[in-house]
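Down below is the structure, laid out as C-alpha cells.
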Amino acid sequence: MARNSEKAMAMLNRYVAMKQAEGKAAPEKRPYLATECDDLGKAEKWRHQIIREVAKKVSQIQNAGLGEFRIRDLNDEINKLLREKRHWEDRIIELGGPNYHKVGPKMLDHEGKEIPGSRGYKYFGAARELPGVRELFEEQAATAPRKTRGQLSKLIDADYYGYRDDEDGTLVPGEREDEEKSIAAACNEWKTRHPVADENGEAQEVEEDDIYAVKEDEVDDTVDKTKGDDEEEKSFVAHVPVPSQKDMEELLVKRKKMELLEKYASETLQAQTREAKALLGLNYMDLPTS
C-alpha cells in the first residue's frame, strides 16, 4: 500500500493542486519597511498580523521546558516584532489613521517586564526566570529615609539629658557599689605591684606618707601669720589726705565755672579778671559771678 507522501507526488494529485492554485492570488508579503506602504488599509492589516504573531510567540514562551536558548530566541523575536509594530503605528498616524499609542490595547506590552536602563527591552514569560535575569528583577530592600534635624529634635526630652535617671532611687546605690568595687580593685592591684619583704621574707605592705596631712607646727605658724596680718591691717594709717564728698562737689563746681568763663567771656574780660585777682590777692575761681 502506497504511503501518503507517495500519493501526494502522484501525477494526478499534482495536477489537481495546480488547478486549485490557478484561481488563487499569490500571498502578499509584508513590506520590510513601514514607509514603503502608502495605503492605510494595508498598514492596518500588517499591524494586526504582527499582533497575532506576537500573541502566538508570547503563549509559546510561557513554556519553561523549551530550554534556555530557545526561550532567549523567542524573547528577542517578540521584542523585534514589538518594535516593528510601533513603526507601523507611526506610519498609520502619518497616513491619517488613529493614534494607537494612546487608544490601542496595551495587553502585549504589559506582559513583559522592562529592566531599568535596558532602553525598552522586555522579558516575557519564562525569560524572566533565566539565570542572570532573575537577579535583576529582585527588589532591593528599601532603605529607611533619613530623618531631618527637626524630626530628631521632637524625640529629645528630659530623659535624653538624664534629668530623671535617679528618680527611682536605684542609680545612686548602684553607683556607690560600683565605686567601692573599683576602689577595692585599685587597692589590690597596687598591693600586688608594690610588695615589700619583711625579716621572714614575707611580703609586707608599705605605708605611704599622707601628702595631705598638716603638721601641728605648720598649723601654729599659719595661725600666727594670719593674726599678724590682721593686726597690721587694723593699725594701718593713711598719710595722704583723702578728699571728702563736699570737697569733690566744690571742685566740680569750680571746673564748671572755668568752662563757662572760657566759653562765654571775651579775652578782654578774662584779662581784667586776672588783674583784679592779682590786685585783690584772690583766686581766679573764687570771684563772684553775676
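Residue names in the C-alpha cells use chain letters A, B, ... in the order shown, residue numbers from 1 in each chain, and ligand numbers from 1 in the order shown.
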
Mind running segment 131-188 of chain A against segment 65-68 of chain A at 12 Å and telling me each contacting residue's nearest atom pair with the distance in Å (one decimal), counting only C-alpha atoms, chain and number ascending, as a tab-separated table?
residue	atom	partner	partner_atom	distance
A:Pro131	CA	A:Glu68	CA	8.9
A:Gly132	CA	A:Glu68	CA	11.6
A:Val133	CA	A:Glu68	CA	11.7

Could you save those same residues with N, CA, C and O atoms as a PDB file, in the first residue's frame?
ATOM      1  N   PRO A 131      18.744  32.483  34.175  1.00  0.00           N
ATOM      2  CA  PRO A 131      19.872  32.881  35.027  1.00  0.00           C
ATOM      3  C   PRO A 131      20.455  34.212  34.581  1.00  0.00           C
ATOM      4  O   PRO A 131      20.668  34.453  33.410  1.00  0.00           O
ATOM      5  N   GLY A 132      20.705  35.059  35.537  1.00  0.00           N
ATOM      6  CA  GLY A 132      21.220  36.395  35.251  1.00  0.00           C
ATOM      7  C   GLY A 132      20.139  37.428  35.069  1.00  0.00           C
ATOM      8  O   GLY A 132      20.409  38.625  35.152  1.00  0.00           O
ATOM      9  N   VAL A 133      18.893  36.995  34.795  1.00  0.00           N
ATOM     10  CA  VAL A 133      17.772  37.933  34.633  1.00  0.00           C
ATOM     11  C   VAL A 133      16.970  38.012  35.922  1.00  0.00           C
ATOM     12  O   VAL A 133      16.466  39.074  36.292  1.00  0.00           O
TER      13      VAL A 133
END

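Considering only C-alpha atoms, the residue among A:Ala126, A:Ser182, A:Arg83, A:Val54 positioned nearest to Phe69 of chain A is A:Ala126.
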
task: Enumerate the residues of segment 10-52 of chain A with a DSSP assignment of alpha helix (DSSP H), computed from the backbone, and present them as a ChimeraX atom specification.
output: /A:11-22,40-52

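Computed from the coordinates, the atom CA of Ala55 of chain A to atom CA of Phe124 of chain A distance equals 11.2 Å.
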
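Using only C-alpha atoms, the shortest contact distance between Gln62 of chain A and any of A:Tyr123, A:Tyr264, A:Tyr161, A:Tyr32 is found at A:Tyr123.
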
task: Point out the residue among A:Asn13, A:Thr35, A:Asn63, A:Gln49 with the least atom-to-atom distance to Arg91 of chain A, counting only C-alpha atoms.
output: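 Nearest to Arg91 of chain A: A:Thr35.
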